[in-house]
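Q: I have a structure here, written as structure tokens, and I will follow up with some questions on it.
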Amino acid sequence: MRAPSGPEIAAGDVLLAVESVSLSFGGVKAISDVSFDIRKGEIRAIIGPNGAGKTSMLNVINGFYHPQKGRITFKGQTRSKMRPHEAAYGGIARTFQNVALFKGMTALDNIMAGRTLKMKRNMFWQLLRAGPALAEEVEHRHAVEEIIDFLKIQEIRRTPVGRLPYGLQKRVELGRALAMEPELLLLDEPMAGMNLEEKEDMSRFVLDVNDHFGTTIALIEHDMGVVMDLSDRVVVLDHGIKIADGTPDVVKKDQAVIDAYLGVAH
Amino acid sequence: MLYREVGQFKTSYAQDMAIFPIRQDRIALWLTLAIAFIVVPLLDIFQIWPFKGEYLIRAILIPFLILALAAIGLNILTGYCGQLSLGSGAFMAIGAYSAYKFVTGVSIMALHIPPLPVFISIILGGFMAAFVGILFGIPSLRIKGLYLAVATLAAQFFFDWLFIRVKWFTNYTSSGSVAAPDPLIFFGYPVTRPVEKYLVCLIVVTAFALLAKNLVRGNIGRQWQATRDQDIAAELMGIRPLYAKLSAFAVSSFFMGVAGALWAFVYLGAWEPLAFNIDRSFQILFMVIIGGLGSILGSFLGAAFILVLPILLDQVPHALGIPITVETVSLLVFLIVGALICWLLIVEPHGFARLWGTAKEKLRLWPYPY
């Protein structure tokens, strides 16, 4: 069930390569022939106007959608069809555009749930909650507490997440993804609907995650200021087609990008 | 003022993750257990009110404990894992009839199993129910909510039919009714008096409630709740829906199977398939909804409410000397219980367990409002 971990990838090498991927739903083409790569250790932004296929792209990367054409190579291994939980075991975590926390659980339990794929004790020990199972719980609780400290959400750990304000929910969701200790972290609009201060906080966390844990990050974001400041490289999609790829400075001046965002005179 | 956690420091995560991290809660738990295990039997031995005669133990406490166990089972499936089931009666019936077959000895073609001891039969009944629960849980991988409820409803009607029509399950008795061994022998001790039966139920239910609590607060419990709240996000985090859902079906059916076997052996003594019909499924579902979805404590509260309230309402006109007929009383009980359920669900849709939690939170801050 577990995806083989594959060879170690050095920083700067290609961690994930997307090669001419096409995805359509019936007659609707969500993504057509898009190729790009994500290098280990970088922050890679995926931007584009609404409906450009950004979220579909993330869904393809973590195995939720299966593209009709194209190949995806993660850590040197090419796969055709992969179930989402296999991608998770392989080291891909993500957050969602509309917060997808487990509403009935506390912030602590949400983040603990992110450790599921690292917990191995069988049901017998869990029934008794003694010996190895208890030791395992404590060990992972320790790791989770470190994430809680890192995100500065100590005081809300016992609060059911449904009761938390939106900004904190986004932060808990980031914590849940971090608990998986991913190699590749997919963030789907982590700053959507936030005010300036919250955006600054979240940007700081994203940079810190990249810095401290060395996590590679793929980021979808609409706030151009955030994108240009945070990301190392940017890929621009429009109507499912890649129109630009490069450093923020290059992308900013690209005529196709400007046209896509501002419209073209006909 | 009594309910404060000031000055209670935890020095390890294990302490912090205890079922009752607050000292007052632990004291309350031990008191409750002491009353259940020591005070009740003593009162019964000395025949002190309200334990004069056997009515309270035989007609209220024993069914309360067994149905609470079944409610815990359903709560694991519906409350924790979010899979709506209307087949509780069927799983209880499977537990009961399997236990009956094991206790009387099974021969299927070349396979001969000699009659087994009562307790082992009851546990094996639970395992049979778990096995069937997994089979009927397979549709849950494709369908959700009301559609799944219909699939479990099919299980209910199928097993009702099976235990009436296939005489093998009832050892070819002419009436279709079967009887548990009498006296019931648990580990060499004959259990005959109601108070002894009560203690057997109490031990089983206490142990199973503890095991259930361990599961729901551990890794598997988090997987169940994650699947309930956001199945897609759960899968993207490495939770296999197949494992999470089917394990919930298995554990839940196991609990209901054991409850069914206890219900048949200890409470009823002799029974027919009608004891586990669709009414039983609904009764247990109401217990879970009223008590609180996703709460072990709620299963007990719900069982107490659904079971005890009609009995209380039944007794009140008697006690007050109001001259109304028995039929009128039973009609009134239906009306009042129904109205109360509606009212409760409007006021607190999360059931008694949430009310209890809110009360505790208020008590912590009392006398200040916040």
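Going through the structure tokens in order, the chains are called A, B, and so on, while each chain numbers its residues from 1 and the ligands are numbered from 1 in the order shown.
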Identify, on the basis of only C-alpha atoms, every residue whose closest approach to region 214-225 of chain A does not exceed 6 Å; exclude the query and any residue fewer than 6 positions from it along the same chain; express the result as a list in words.

A: Lys40, Gly41, Glu42, Ile43, Arg44, Ala45, Ile46, Ile47, Glu183, Leu184, Leu185, Leu186, Leu187, Asp188 and Glu189 of chain A

Q: Hey, which bits of chain A sit within 6 Å of chain B, and for each residue what's the closest pair of atoms and how far apart in Å (one decimal), counting only C-alpha atoms, rows by chain and increasing number, as JSON lines?

A:
{"residue": "A:Pro84", "atom": "CA", "partner": "B:Leu236", "partner_atom": "CA", "distance": 4.9}
{"residue": "A:His85", "atom": "CA", "partner": "B:Gly238", "partner_atom": "CA", "distance": 3.9}
{"residue": "A:Ala88", "atom": "CA", "partner": "B:Gly238", "partner_atom": "CA", "distance": 4.9}
{"residue": "A:Phe102", "atom": "CA", "partner": "B:Asp229", "partner_atom": "CA", "distance": 5.0}
{"residue": "A:Ala113", "atom": "CA", "partner": "B:Arg222", "partner_atom": "CA", "distance": 5.8}
{"residue": "A:Leu117", "atom": "CA", "partner": "B:Gly238", "partner_atom": "CA", "distance": 5.7}
{"residue": "A:Gln126", "atom": "CA", "partner": "B:Leu215", "partner_atom": "CA", "distance": 5.9}
{"residue": "A:Leu127", "atom": "CA", "partner": "B:Leu211", "partner_atom": "CA", "distance": 5.2}
{"residue": "A:Arg129", "atom": "CA", "partner": "B:Asn214", "partner_atom": "CA", "distance": 5.9}
{"residue": "A:Val138", "atom": "CA", "partner": "B:Tyr13", "partner_atom": "CA", "distance": 5.9}

Q: Keeping only N, CA and C atoms, take the residues you just selected and write them out as a compact mmCIF listing (two decimals), in the first residue's frame.

A:
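This went into again.txt:
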# COMPACT_ATOMS: atom_id res chain seq x y z
N PRO A 84 -5.19 8.89 -4.00
CA PRO A 84 -4.75 10.02 -3.17
C PRO A 84 -3.97 9.60 -1.92
N HIS A 85 -4.40 8.49 -1.27
CA HIS A 85 -3.68 8.15 -0.03
C HIS A 85 -2.28 7.63 -0.33
N ALA A 88 -0.21 10.61 -0.55
CA ALA A 88 0.07 11.07 0.81
C ALA A 88 1.23 10.29 1.41
N PHE A 102 -11.59 18.92 9.65
CA PHE A 102 -12.56 18.00 10.22
C PHE A 102 -13.31 18.76 11.31
N ALA A 113 -4.58 13.94 13.36
CA ALA A 113 -5.06 13.13 12.23
C ALA A 113 -4.06 13.18 11.08
N LEU A 117 -0.73 8.61 8.87
CA LEU A 117 0.06 7.74 8.01
C LEU A 117 1.39 7.37 8.65
N GLN A 126 -4.60 -0.52 20.20
CA GLN A 126 -5.40 0.69 20.34
C GLN A 126 -6.60 0.49 21.24
N LEU A 127 -7.17 -0.74 21.19
CA LEU A 127 -8.29 -1.05 22.09
C LEU A 127 -7.86 -0.88 23.54
N ARG A 129 -5.15 0.71 24.51
CA ARG A 129 -4.45 1.97 24.67
C ARG A 129 -3.36 1.85 25.75
N VAL A 138 1.88 9.21 22.48
CA VAL A 138 2.66 10.23 23.16
C VAL A 138 3.73 10.79 22.23

Q: Would you please give, as a list of chain:residue names, all residues of region 188-218 of chain A that DSSP assigns to alpha helix (DSSP H) based on the backbone?

A: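 Going through region 188-218 of chain A, the alpha helix (DSSP H) residues come out as A:Leu196, A:Glu197, A:Glu198, A:Lys199, A:Glu200, A:Asp201, A:Met202, A:Ser203, A:Arg204, A:Phe205, A:Val206, A:Leu207, A:Asp208.
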
Q: Choose the residue, out of A:Leu168, A:Glu137, A:Phe150, A:Val34, that has the smallest atom-to-atom separation from Trp125 (chain A); count only C-alpha atoms.

A: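 Ranking A:Leu168, A:Glu137, A:Phe150, A:Val34 by distance to Trp125 (chain A), first place goes to A:Glu137.
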
Q: Which is closest to Ala130 (chain B) among B:Thr152, B:Thr11, B:Ser252, B:Gln283, if we use only C-alpha atoms?

A: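 Among B:Thr152, B:Thr11, B:Ser252, B:Gln283, it is B:Ser252 that comes nearest to Ala130 (chain B).
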
Q: So which residues touch Tyr198 (chain B) within 8 Å, counting only C-alpha atoms, skipping near sequence neighbours fewer than 2 positions away, as a PyMOL selection string?

A: chain B and resi 57-58+61-62+194-196+200-202

Q: Hey, what does DSSP flag as strand (DSSP E) within region 146-273 of chain B? Can you give it to me as a PyMOL selection string?

A: chain B and resi 178-179+184-186+189-191+270-271

Q: Skipping near chain neighbours, those fewer than 2 positions away, what residues fall within 9 Å of Asn110 (chain A) using only C-alpha atoms, listed as a PyMOL selection string?

A: (chain A and resi 101-103+105-108+112-114+161+172-173+175-176) or (chain B and resi 222+226)

Q: Would you export the selected residues with N, CA and C atoms as a compact mmCIF listing (two decimals), in the first residue's frame, please?

A:
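Written file, out-v1.txt:
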# COMPACT_ATOMS: atom_id res chain seq x y z
N LEU A 101 -11.25 21.34 6.97
CA LEU A 101 -10.88 20.75 8.25
C LEU A 101 -11.96 19.77 8.69
N PHE A 102 -11.59 18.92 9.65
CA PHE A 102 -12.56 18.00 10.22
C PHE A 102 -13.31 18.76 11.31
N LYS A 103 -14.49 19.25 10.95
CA LYS A 103 -15.20 20.25 11.76
C LYS A 103 -15.54 19.80 13.17
N MET A 105 -13.85 17.91 15.12
CA MET A 105 -12.71 17.57 15.96
C MET A 105 -12.01 18.84 16.44
N THR A 106 -11.25 18.70 17.52
CA THR A 106 -10.50 19.86 18.02
C THR A 106 -9.31 20.12 17.09
N ALA A 107 -8.71 21.31 17.27
CA ALA A 107 -7.53 21.66 16.47
C ALA A 107 -6.45 20.60 16.67
N LEU A 108 -6.29 20.19 17.93
CA LEU A 108 -5.27 19.19 18.25
C LEU A 108 -5.53 17.88 17.51
N MET A 112 -3.35 15.93 14.83
CA MET A 112 -2.99 14.53 15.11
C MET A 112 -3.42 13.63 13.95
N ALA A 113 -4.58 13.94 13.36
CA ALA A 113 -5.06 13.13 12.23
C ALA A 113 -4.06 13.18 11.08
N GLY A 114 -3.33 14.30 10.99
CA GLY A 114 -2.31 14.40 9.96
C GLY A 114 -1.17 13.41 10.16
N VAL A 161 -12.69 22.93 15.72
CA VAL A 161 -12.27 23.87 14.69
C VAL A 161 -13.44 24.61 14.07
N VAL A 172 -4.68 26.15 11.20
CA VAL A 172 -4.78 24.76 11.65
C VAL A 172 -4.63 23.82 10.47
N GLU A 173 -5.20 24.22 9.34
CA GLU A 173 -5.12 23.36 8.16
C GLU A 173 -3.68 23.23 7.68
N GLY A 175 -1.19 23.42 9.67
CA GLY A 175 -0.58 22.54 10.67
C GLY A 175 -0.86 21.07 10.39
N ARG A 176 -2.09 20.80 9.97
CA ARG A 176 -2.46 19.42 9.66
C ARG A 176 -1.62 18.87 8.50
N ARG B 222 -9.68 8.81 15.17
CA ARG B 222 -9.47 10.03 14.38
C ARG B 222 -9.72 9.76 12.90
N ALA B 226 -12.42 11.77 10.79
CA ALA B 226 -11.96 12.48 9.60
C ALA B 226 -12.79 12.06 8.40

Q: As an exercise, work out the distance from CA of Phe249 (chain B) to CA of His350 (chain B) in Å and give it to one decimal place.

A: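 We find that CA of Phe249 (chain B) and CA of His350 (chain B) lie 22.2 Å from each other.
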
Q: Check the smallest atom-to-atom distance from each of B:Lys197, B:His318, B:Arg364, B:Arg4 to Leu268 (chain B) using only C-alpha atoms, then report the winner.

A: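 The closest residue to Leu268 (chain B) is B:Lys197.
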
Q: Determine the nearest neighbour of Lys167 (chain B) from the options B:Phe119, B:Tyr97, B:Phe254, B:Phe131, counting only C-alpha atoms.

A: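 Of the candidates, the smallest distance to Lys167 (chain B) is held by B:Tyr97.
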
Q: Closest to Ile289 (chain B) among B:Gln24, B:Thr173, B:Ser88, B:Asn75, using only C-alpha atoms?

A: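 Going through B:Gln24, B:Thr173, B:Ser88, B:Asn75 one by one, the smallest distance to Ile289 (chain B) is for B:Asn75.
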
Q: Can you tell me how far CA of Leu42 (chain B) sits from CA of Ile66 (chain B), in Å to one decimal?

A: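 Going from CA of Leu42 (chain B) over to CA of Ile66 (chain B) covers 21.3 Å.
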
Q: Counting only C-alpha atoms, which residues in region 150-198 of chain B sit no more than 12 Å from region 104-108 of chain B? For each one, give the nearest pair of atoms and the distance in Å, sorted by chain then residue number, as JSON lines.

A:
{"residue": "B:Trp168", "atom": "CA", "partner": "B:Val106", "partner_atom": "CA", "distance": 9.9}
{"residue": "B:Phe169", "atom": "CA", "partner": "B:Val106", "partner_atom": "CA", "distance": 9.8}
{"residue": "B:Thr170", "atom": "CA", "partner": "B:Thr104", "partner_atom": "CA", "distance": 10.3}
{"residue": "B:Asn171", "atom": "CA", "partner": "B:Thr104", "partner_atom": "CA", "distance": 8.7}
{"residue": "B:Val178", "atom": "CA", "partner": "B:Thr104", "partner_atom": "CA", "distance": 10.9}
{"residue": "B:Ala179", "atom": "CA", "partner": "B:Thr104", "partner_atom": "CA", "distance": 10.4}
{"residue": "B:Ala180", "atom": "CA", "partner": "B:Thr104", "partner_atom": "CA", "distance": 9.0}
{"residue": "B:Pro181", "atom": "CA", "partner": "B:Thr104", "partner_atom": "CA", "distance": 8.4}

Q: Would you save the residues of that selection, restricted to N, CA and C atoms, as a PDB file, in the first residue's frame?

A:
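This went into again32.pdb:
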ATOM      1  N   TRP B 168     -33.019 -23.797  10.473  1.00  0.00           N
ATOM      2  CA  TRP B 168     -31.734 -24.253  11.020  1.00  0.00           C
ATOM      3  C   TRP B 168     -31.262 -23.338  12.146  1.00  0.00           C
ATOM      4  N   PHE B 169     -31.534 -22.036  11.977  1.00  0.00           N
ATOM      5  CA  PHE B 169     -31.051 -21.083  12.982  1.00  0.00           C
ATOM      6  C   PHE B 169     -31.749 -21.270  14.322  1.00  0.00           C
ATOM      7  N   THR B 170     -32.985 -21.745  14.276  1.00  0.00           N
ATOM      8  CA  THR B 170     -33.733 -21.912  15.524  1.00  0.00           C
ATOM      9  C   THR B 170     -33.732 -23.372  15.973  1.00  0.00           C
ATOM     10  N   ASN B 171     -32.823 -24.170  15.411  1.00  0.00           N
ATOM     11  CA  ASN B 171     -32.736 -25.599  15.734  1.00  0.00           C
ATOM     12  C   ASN B 171     -34.085 -26.307  15.537  1.00  0.00           C
ATOM     13  N   VAL B 178     -36.828 -19.465  20.482  1.00  0.00           N
ATOM     14  CA  VAL B 178     -35.728 -20.232  21.060  1.00  0.00           C
ATOM     15  C   VAL B 178     -35.433 -19.731  22.467  1.00  0.00           C
ATOM     16  N   ALA B 179     -34.784 -20.577  23.246  1.00  0.00           N
ATOM     17  CA  ALA B 179     -34.496 -20.205  24.634  1.00  0.00           C
ATOM     18  C   ALA B 179     -33.010 -20.356  24.913  1.00  0.00           C
ATOM     19  N   ALA B 180     -32.497 -19.428  25.698  1.00  0.00           N
ATOM     20  CA  ALA B 180     -31.104 -19.502  26.132  1.00  0.00           C
ATOM     21  C   ALA B 180     -30.992 -20.595  27.180  1.00  0.00           C
ATOM     22  N   PRO B 181     -29.788 -21.159  27.370  1.00  0.00           N
ATOM     23  CA  PRO B 181     -29.624 -22.160  28.414  1.00  0.00           C
ATOM     24  C   PRO B 181     -30.052 -21.607  29.764  1.00  0.00           C
TER      25      PRO B 181
END

Q: Please indicate the distance in Å from CA of Lys199 (chain A) to CA of Val99 (chain A), rounded to one decimal place.

A: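 These atoms are spaced 15.6 Å apart.
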
Q: Choose the residue, out of B:Ala154, B:Leu111, B:Val132, B:Val39, that has the smallest atom-to-atom separation from Ile94 (chain B); count only C-alpha atoms.

A: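 Using only C-alpha atoms, Ile94 (chain B) sits closest to B:Val132.
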
Q: Could you name the residues that touch region 239-256 of chain A at 7 Å or less, counting only C-alpha atoms, but leaving out those on the same chain fewer than 6 positions away, as a list in words?

A: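 Counting only C-alpha atoms, the residues come to Ala30, Ile31, Ser32, Asp33, Val34, Gly51, Ala52, Gly53, Met228, Asp232 and Arg233 of chain A.
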
Q: Write out as number ranges by chain which residues come within 12 Å of region 63-71 of chain A when counting only C-alpha atoms, dropping same-chain ones fewer than 2 positions away.

A: A: 16-26, 29-37, 55-61, 73-74, 76-90, 92-94; B: 232-238
